[in-house]
>>> print(open('entry-v9.txt').read())   # compact mmCIF, C-alpha atoms
# COMPACT_ATOMS: atom_id res chain seq x y z
CA MET A 1 -6.06 -55.80 -73.15
CA VAL A 2 -9.37 -53.95 -73.12
CA GLY A 3 -12.05 -55.41 -75.38
CA PRO A 4 -15.52 -54.13 -76.26
CA GLN A 5 -17.14 -55.99 -73.36
CA SER A 6 -14.84 -54.53 -70.69
CA GLU A 7 -15.23 -51.06 -72.23
CA ARG A 8 -19.00 -51.48 -71.98
CA GLU A 9 -18.76 -52.59 -68.33
CA ASP A 10 -16.53 -49.61 -67.55
CA LYS A 11 -19.11 -47.25 -69.09
CA VAL A 12 -21.91 -48.84 -67.05
CA SER A 13 -19.84 -48.51 -63.90
CA LEU A 14 -19.21 -44.82 -64.60
CA GLU A 15 -22.89 -44.15 -65.27
CA LEU A 16 -23.86 -45.91 -62.04
CA THR A 17 -21.40 -43.84 -60.09
CA GLU A 18 -22.83 -40.66 -61.58
CA GLU A 19 -26.30 -41.86 -60.60
CA ILE A 20 -25.10 -42.35 -57.04
CA ILE A 21 -23.66 -38.83 -56.88
CA GLN A 22 -26.77 -37.30 -58.42
CA SER A 23 -28.94 -39.06 -55.83
CA MET A 24 -27.00 -37.74 -52.83
CA GLU A 25 -29.10 -36.14 -50.10
CA ILE A 26 -28.48 -35.13 -46.51
CA GLY A 27 -29.02 -38.11 -44.24
CA MET A 28 -27.99 -36.53 -40.93
CA VAL A 29 -27.38 -32.97 -39.74
CA PHE A 30 -25.73 -31.70 -36.56
CA LYS A 31 -26.91 -28.15 -35.86
CA ASP A 32 -25.36 -27.51 -32.45
CA TYR A 33 -22.39 -25.46 -33.67
CA SER A 34 -22.25 -21.79 -32.67
CA GLY A 35 -19.54 -20.98 -35.24
CA ARG A 36 -18.48 -22.14 -38.69
CA ILE A 37 -16.64 -25.42 -39.08
CA SER A 38 -13.12 -24.55 -40.23
CA SER A 39 -11.63 -28.02 -40.74
CA MET A 40 -12.39 -31.72 -40.55
CA ASP A 41 -10.60 -35.00 -41.09
CA PHE A 42 -11.48 -38.67 -41.43
CA HIS A 43 -9.35 -41.27 -39.69
CA ARG A 44 -8.02 -43.73 -42.26
CA THR A 45 -9.16 -46.94 -40.55
CA SER A 46 -11.35 -46.32 -37.51
CA GLY A 47 -14.46 -44.75 -39.05
CA TYR A 48 -14.03 -41.60 -36.95
CA LEU A 49 -14.45 -37.99 -38.06
CA VAL A 50 -13.02 -34.96 -36.23
CA THR A 51 -14.10 -31.35 -36.74
CA ALA A 52 -12.71 -27.99 -35.69
CA SER A 53 -14.98 -24.98 -35.38
CA GLU A 54 -14.85 -21.24 -34.85
CA ASP A 55 -16.81 -21.83 -31.63
CA GLU A 56 -13.41 -23.13 -30.34
CA SER A 57 -14.57 -26.75 -30.17
CA ILE A 58 -13.03 -30.00 -31.40
CA ARG A 59 -15.62 -32.76 -31.89
CA LEU A 60 -15.18 -36.47 -32.47
CA TYR A 61 -17.84 -38.43 -34.39
CA ASP A 62 -18.47 -42.09 -35.08
CA VAL A 63 -19.36 -42.06 -38.77
CA SER A 64 -21.09 -45.46 -38.85
CA SER A 65 -23.61 -44.44 -36.20
CA ALA A 66 -23.53 -40.69 -36.98
CA THR A 67 -23.08 -39.86 -33.31
CA CYS A 68 -20.91 -37.27 -31.57
CA LEU A 69 -18.65 -39.13 -29.14
CA LYS A 70 -16.88 -36.21 -27.53
CA THR A 71 -16.59 -32.42 -27.54
CA ILE A 72 -13.43 -30.70 -26.31
CA ASN A 73 -13.14 -26.94 -26.04
CA SER A 74 -9.95 -25.03 -26.81
CA LYS A 75 -10.95 -21.65 -25.41
CA LYS A 76 -7.41 -20.50 -24.63
CA TYR A 77 -5.85 -21.21 -28.00
CA GLY A 78 -8.78 -21.44 -30.37
CA VAL A 79 -8.69 -24.04 -33.14
CA ASP A 80 -8.42 -23.76 -36.92
CA LEU A 81 -7.00 -26.84 -38.71
CA VAL A 82 -7.21 -30.37 -37.31
CA CYS A 83 -5.82 -33.72 -38.50
CA PHE A 84 -5.82 -37.23 -37.09
CA THR A 85 -2.57 -38.96 -36.29
CA SER A 86 -2.39 -42.72 -36.84
CA HIS A 87 -4.22 -43.13 -33.52
CA PRO A 88 -8.00 -42.63 -33.78
CA THR A 89 -8.26 -40.45 -30.67
CA THR A 90 -5.13 -38.32 -31.12
CA VAL A 91 -5.05 -35.20 -33.28
CA ILE A 92 -2.77 -32.35 -34.22
CA TYR A 93 -4.37 -28.93 -34.47
CA SER A 94 -3.43 -25.32 -35.14
CA SER A 95 -4.35 -22.31 -33.03
CA LYS A 96 -6.56 -19.39 -33.94
CA ASN A 97 -5.99 -16.82 -31.24
CA GLY A 98 -3.64 -14.44 -33.06
CA TRP A 99 -0.84 -14.65 -30.50
CA ASP A 100 0.31 -18.27 -30.35
CA GLU A 101 0.86 -20.09 -33.64
CA SER A 102 2.01 -23.34 -32.05
CA LEU A 103 0.67 -26.69 -33.19
CA ARG A 104 -0.60 -29.08 -30.54
CA LEU A 105 -0.71 -32.85 -30.22
CA LEU A 106 -3.88 -33.59 -28.27
CA SER A 107 -5.28 -36.81 -26.84
CA LEU A 108 -9.06 -36.70 -27.25
CA HIS A 109 -9.36 -39.71 -24.94
CA ASP A 110 -8.36 -37.80 -21.81
CA ASN A 111 -8.11 -34.21 -23.12
CA LYS A 112 -4.37 -33.95 -22.52
CA TYR A 113 -1.74 -32.14 -24.53
CA LEU A 114 1.04 -34.55 -25.40
CA ARG A 115 3.34 -32.12 -27.19
CA TYR A 116 3.65 -28.55 -28.49
CA PHE A 117 5.28 -27.73 -31.83
CA LYS A 118 6.61 -24.17 -31.89
CA GLY A 119 8.18 -22.56 -34.94
CA HIS A 120 5.65 -20.60 -37.01
CA HIS A 121 5.18 -16.86 -36.56
CA ASP A 122 1.90 -16.40 -38.41
CA ARG A 123 -1.29 -18.35 -38.99
CA VAL A 124 -0.89 -21.95 -40.14
CA VAL A 125 -2.99 -22.37 -43.29
CA SER A 126 -2.10 -25.93 -44.36
CA LEU A 127 -1.39 -29.12 -42.45
CA SER A 128 -0.68 -32.66 -43.68
CA LEU A 129 0.30 -35.84 -41.84
CA ASN A 130 2.35 -38.66 -43.32
CA SER A 131 0.23 -41.82 -43.30
CA ARG A 132 3.27 -44.12 -43.08
CA ASN A 133 5.25 -42.69 -40.16
CA GLU A 134 5.24 -40.03 -37.46
CA SER A 135 6.19 -37.07 -39.64
CA PHE A 136 3.99 -34.16 -40.69
CA ILE A 137 4.33 -30.82 -42.46
CA SER A 138 2.77 -27.40 -41.87
CA GLY A 139 2.56 -24.31 -44.05
CA SER A 140 2.07 -20.79 -42.72
CA LEU A 141 1.43 -17.22 -43.80
CA ASP A 142 4.94 -16.54 -42.46
CA ARG A 143 6.02 -18.05 -45.81
CA THR A 144 7.61 -21.13 -44.35
CA VAL A 145 6.87 -24.84 -44.58
CA LEU A 146 8.10 -26.74 -41.52
CA LEU A 147 8.75 -30.48 -41.33
CA TRP A 148 8.09 -32.20 -38.02
CA ASP A 149 8.36 -35.48 -36.17
CA GLN A 150 5.49 -36.07 -33.73
CA ARG A 151 8.01 -37.33 -31.16
CA ALA A 152 10.04 -34.08 -31.08
CA GLU A 153 9.06 -30.51 -30.24
CA LYS A 154 11.53 -28.84 -32.61
CA CYS A 155 11.00 -28.87 -36.36
CA GLN A 156 13.16 -31.21 -38.39
CA GLY A 157 13.41 -29.01 -41.47
CA LEU A 158 12.39 -25.68 -42.98
CA LEU A 159 11.54 -24.65 -46.53
CA ARG A 160 10.93 -21.02 -47.49
CA VAL A 161 8.22 -20.13 -50.00
CA GLN A 162 7.15 -16.98 -51.84
CA GLY A 163 3.46 -16.86 -50.99
CA ARG A 164 0.68 -18.61 -49.14
CA PRO A 165 1.54 -22.36 -49.23
CA ALA A 166 -0.79 -25.31 -49.75
CA ILE A 167 0.85 -28.61 -48.83
CA SER A 168 0.09 -32.33 -48.89
CA TYR A 169 1.73 -35.74 -48.62
CA ASP A 170 0.79 -38.40 -51.12
CA ASP A 171 -0.91 -41.55 -49.81
CA GLN A 172 2.37 -43.49 -49.62
CA GLY A 173 4.12 -40.76 -47.66
CA LEU A 174 7.04 -40.76 -50.10
CA VAL A 175 6.32 -37.44 -51.81
CA PHE A 176 4.89 -34.14 -50.68
CA ALA A 177 3.67 -31.19 -52.72
CA ILE A 178 3.97 -27.48 -51.99
CA ALA A 179 1.82 -25.14 -54.10
CA PHE A 180 2.17 -21.37 -54.37
CA GLY A 181 2.53 -18.70 -57.04
CA GLY A 182 0.97 -20.68 -59.89
CA TYR A 183 3.15 -23.78 -59.50
CA ILE A 184 3.16 -27.08 -57.62
CA ARG A 185 6.58 -28.20 -56.42
CA MET A 186 7.12 -31.91 -55.81
CA PHE A 187 9.55 -33.06 -53.11
CA ASP A 188 11.00 -36.43 -52.18
CA ALA A 189 10.12 -36.70 -48.47
CA ARG A 190 13.47 -38.41 -47.79
CA MET A 191 15.58 -35.83 -49.63
CA TYR A 192 13.53 -32.63 -49.46
CA GLU A 193 16.64 -30.53 -48.71
CA LYS A 194 17.76 -31.09 -52.32
CA GLY A 195 14.78 -29.07 -53.53
CA PRO A 196 11.86 -30.07 -55.76
CA PHE A 197 12.38 -32.89 -58.25
CA GLU A 198 9.48 -31.61 -60.39
CA ILE A 199 7.71 -28.26 -60.79
CA PHE A 200 4.27 -28.27 -62.41
CA SER A 201 2.50 -25.20 -63.79
CA VAL A 202 -1.22 -24.68 -63.27
CA GLY A 203 -1.73 -22.60 -66.39
CA GLY A 204 -0.94 -19.10 -65.20
CA ASP A 205 -3.29 -19.08 -62.19
CA VAL A 206 -1.20 -17.10 -59.69
CA SER A 207 -3.95 -16.41 -57.15
CA ASP A 208 -3.33 -17.71 -53.64
CA ALA A 209 -3.20 -21.48 -53.33
CA ASN A 210 -5.81 -22.86 -50.94
CA VAL A 211 -5.72 -26.67 -50.95
CA VAL A 212 -3.56 -29.25 -52.72
CA LYS A 213 -4.49 -32.96 -52.54
CA PHE A 214 -3.58 -36.30 -54.07
CA SER A 215 -6.08 -38.92 -55.13
CA ASN A 216 -6.00 -42.15 -53.10
CA ASP A 217 -4.04 -44.00 -55.78
CA GLY A 218 -1.58 -41.11 -56.12
CA ARG A 219 -2.10 -40.73 -59.86
CA LEU A 220 -3.93 -37.40 -59.71
CA MET A 221 -3.68 -34.22 -57.74
CA LEU A 222 -5.86 -31.15 -57.40
CA LEU A 223 -5.19 -27.56 -56.45
CA THR A 224 -7.78 -24.97 -55.45
CA THR A 225 -7.08 -21.25 -55.58
CA MET A 226 -8.72 -18.18 -54.13
CA ASP A 227 -9.97 -17.07 -57.54
CA GLY A 228 -12.32 -20.07 -57.59
CA HIS A 229 -10.33 -22.46 -59.78
CA ILE A 230 -9.93 -26.20 -59.14
CA HIS A 231 -7.09 -27.60 -61.23
CA VAL A 232 -6.66 -31.36 -61.75
CA LEU A 233 -3.27 -32.68 -62.88
CA ASP A 234 -1.54 -35.97 -63.56
CA SER A 235 0.75 -36.20 -60.54
CA PHE A 236 3.47 -38.11 -62.40
CA ARG A 237 3.77 -36.03 -65.56
CA GLY A 238 2.28 -32.75 -64.41
CA THR A 239 -0.13 -32.80 -67.34
CA HIS A 240 -3.01 -30.41 -66.81
CA LEU A 241 -6.23 -32.44 -67.18
CA SER A 242 -9.07 -30.10 -66.21
CA THR A 243 -9.95 -26.83 -64.54
CA TYR A 244 -13.32 -26.39 -62.85
CA ASN A 245 -14.49 -22.88 -62.01
CA VAL A 246 -16.64 -21.71 -59.12
CA LYS A 247 -17.34 -18.36 -57.56
CA PRO A 248 -14.20 -16.95 -55.88
CA VAL A 249 -13.93 -16.99 -52.10
CA PRO A 250 -12.90 -14.18 -49.70
CA SER A 251 -9.31 -13.97 -48.50
CA ASN A 252 -10.27 -15.22 -45.03
CA CYS A 253 -11.86 -18.39 -46.44
CA THR A 254 -10.50 -21.59 -47.94
CA LEU A 255 -11.89 -23.22 -51.07
CA GLU A 256 -12.05 -26.94 -50.24
CA ALA A 257 -12.25 -29.73 -52.79
CA SER A 258 -11.99 -33.49 -52.48
CA PHE A 259 -11.50 -36.53 -54.71
CA SER A 260 -14.00 -39.35 -54.46
CA PRO A 261 -12.40 -42.55 -53.08
CA GLU A 262 -11.68 -44.07 -56.49
CA GLY A 263 -10.51 -40.72 -57.93
CA MET A 264 -13.16 -40.56 -60.64
CA PHE A 265 -14.92 -37.44 -59.34
CA VAL A 266 -14.12 -34.15 -57.61
CA ILE A 267 -16.47 -32.31 -55.29
CA SER A 268 -16.04 -28.72 -54.17
CA GLY A 269 -17.72 -25.91 -52.35
CA SER A 270 -18.19 -22.47 -53.88
CA GLY A 271 -18.84 -18.87 -52.98
CA ASP A 272 -22.23 -18.95 -54.72
CA GLY A 273 -24.00 -21.14 -52.16
CA ARG A 274 -23.59 -24.44 -54.02
CA ALA A 275 -21.54 -27.59 -53.87
CA TYR A 276 -20.49 -29.12 -57.19
CA ALA A 277 -19.34 -32.49 -58.51
CA TRP A 278 -17.38 -33.08 -61.72
CA SER A 279 -16.28 -36.16 -63.63
CA VAL A 280 -12.49 -36.28 -63.87
CA ARG A 281 -12.71 -38.35 -67.03
CA SER A 282 -15.05 -36.08 -68.99
CA GLY A 283 -14.34 -32.81 -67.19
CA LYS A 284 -18.09 -32.16 -67.05
CA GLU A 285 -20.23 -31.15 -64.11
CA VAL A 286 -22.38 -34.11 -63.03
CA ALA A 287 -24.24 -32.71 -60.01
CA SER A 288 -24.73 -29.63 -57.88
CA TRP A 289 -26.57 -28.93 -54.66
CA MET A 290 -28.05 -25.65 -53.47
CA MET A 291 -28.98 -24.61 -49.96
CA ASN A 292 -32.57 -23.87 -49.03
CA SER A 293 -33.90 -22.95 -52.47
CA GLU A 294 -34.24 -26.35 -54.13
CA PRO A 295 -36.93 -28.75 -52.87
CA SER A 296 -34.90 -31.79 -53.91
CA VAL A 297 -32.28 -31.00 -51.29
CA ILE A 298 -32.93 -31.06 -47.56
CA ASN A 299 -32.51 -27.67 -45.88
CA TRP A 300 -28.79 -26.87 -45.73
CA ASN A 301 -28.23 -23.70 -43.73
CA TRP A 302 -25.10 -21.61 -44.11
CA MET A 303 -23.93 -18.32 -42.74
CA ASN A 304 -23.24 -15.74 -45.48
CA THR A 305 -24.24 -18.19 -48.17
CA ASP A 306 -23.18 -15.93 -51.01
CA THR A 307 -19.50 -15.82 -49.99
CA GLU A 308 -18.41 -18.60 -47.64
CA PRO A 309 -17.82 -22.10 -49.03
CA PRO A 310 -18.15 -25.22 -46.89
CA VAL A 311 -15.49 -27.59 -45.76
CA ILE A 312 -16.16 -30.70 -47.85
CA LYS A 313 -14.66 -34.21 -47.78
CA TRP A 314 -15.41 -37.71 -49.06
CA ALA A 315 -15.42 -40.44 -46.45
CA PRO A 316 -12.66 -43.00 -47.14
CA GLY A 317 -13.96 -46.01 -49.09
CA SER A 318 -17.55 -44.92 -48.69
CA LEU A 319 -20.45 -43.62 -50.77
CA MET A 320 -20.74 -40.60 -48.50
CA PHE A 321 -19.35 -37.13 -48.24
CA VAL A 322 -19.57 -34.62 -45.42
CA THR A 323 -19.95 -30.84 -45.51
CA GLY A 324 -19.29 -28.37 -42.73
CA SER A 325 -20.49 -24.80 -42.41
CA THR A 326 -22.47 -23.70 -39.36
CA GLU A 327 -23.80 -27.27 -39.49
CA LEU A 328 -22.26 -30.68 -40.08
CA SER A 329 -24.09 -32.63 -42.78
CA PHE A 330 -23.66 -36.26 -43.85
CA TRP A 331 -24.60 -36.79 -47.51
CA ILE A 332 -25.65 -40.29 -48.62
CA PRO A 333 -27.37 -41.76 -51.70
CA ASP A 334 -31.16 -41.79 -51.90
CA LEU A 335 -31.78 -45.55 -51.99
CA SER A 336 -35.18 -45.18 -53.61
CA LYS A 337 -33.62 -43.45 -56.61
CA LEU A 338 -30.90 -46.07 -56.81
CA ALA A 339 -33.42 -48.92 -56.59
CA ALA A 340 -35.33 -47.45 -59.54
CA TYR A 341 -32.08 -47.23 -61.51
CA VAL A 342 -31.04 -50.81 -60.71
CA GLY A 343 -34.50 -52.02 -61.69
CA ARG A 344 -33.91 -50.74 -65.21
CA LYS A 345 -30.66 -52.66 -65.66
>>> encode(input="entry-v9.txt", output="structure tokens")
Amino acid sequence: MVGPQSEREDKVSLELTEEIIQSMEIGMVFKDYSGRISSMDFHRTSGYLVTASEDESIRLYDVSSATCLKTINSKKYGVDLVCFTSHPTTVIYSSKNGWDESLRLLSLHDNKYLRYFKGHHDRVVSLSLNSRNESFISGSLDRTVLLWDQRAEKCQGLLRVQGRPAISYDDQGLVFAIAFGGYIRMFDARMYEKGPFEIFSVGGDVSDANVVKFSNDGRLMLLTTMDGHIHVLDSFRGTHLSTYNVKPVPSNCTLEASFSPEGMFVISGSGDGRAYAWSVRSGKEVASWMMNSEPSVINWNWMNTDTEPPVIKWAPGSLMFVTGSTELSFWIPDLSKLAAYVGRK
């Protein structure tokens, strides 16, 4: 039962969270990249962050100390997408050399390849690991989604799609989503060969799917598309809740978006040189950040700022998000602004 008092507390909590987002500023910047960051991932429990860059490097960071622990170069194969396994110093990454589309299981501890996963015949554009076991899925421009076990080199299953696929497991690892052609198809991870158990429409947006993600509690999901749309849906019913619009991105870029840890907000990059935040509950924009031109934001340099969006992700269970372009930036609340807000309470 929700009474007036709890409703009031919920409203205060929401307002405070908006204040935190609106106060976000860059607390640390790493400027030693010689190419754009193409992908990054947070480990679920260790406090580590891994990045992949067009300069053919994979870098491991300790988030709590904001230090780079290791840099590994992948000059032969290049690197595009990267994801942590359950182990904090083991990753799976995709190539970007145009001739070998294999996925690789790499130990960052001793820079050794543990396994190769061969099966795709074109660029891998989506990669998702199951948080509960050793399985993972990959989606490619060859119009296939392959299902893998980290312990075996050969794929364990294949699903054909009719377009560029965006894929993701839910947090429990029981369901995965495949988005393409204006629809999100929901699969039971244990019985995927039976086909989707639900198909959700995203309101006629048939532009290429870029990213599909679940909120941490699994109740919501988002889909970004190349035309600059970020759709938010109820993941159980498929109800369309909101669509946020940003400047479209070029075909060689990916429009990233991310739920905040509690699922109350969505942040996204854009082709117009901004990052945006929206309230899922109200559907309204609550904050935006511009590079270079606004004095309230620390200098945030991008390459081709009018067209290329950043990689952007919330840190798990933290009041921090990270953006990657030609720099890696850690965004944290401005404590002085928060102190002034708390003083008014």
>>> closest_residue(input="entry-v9.txt", among="A:Arg132, A:His43, A:Arg164, A:Lys118", to="Leu60 (chain A)", atoms="all atoms listed in the file")
A:His43
>>> closest_residue(input="entry-v9.txt", among="A:Leu127, A:Val232, A:Ile184, A:Met226", to="Lys247 (chain A)", atoms="all atoms listed in the file")
A:Met226
>>> closest_residue(input="entry-v9.txt", among="A:Asn245, A:Thr45, A:Thr17, A:Thr85", to="Gly317 (chain A)", atoms="only C-alpha atoms")
A:Thr45
>>> atom_distance(input="entry-v9.txt", atom1="CA of Gly218 (chain A)", atom2="CA of Phe236 (chain A)")
8.6 Å
>>> closest_residue(input="entry-v9.txt", among="A:Ser336, A:Ser140, A:Thr326, A:Ser135", to="Phe30 (chain A)", atoms="all atoms listed in the file")
A:Thr326
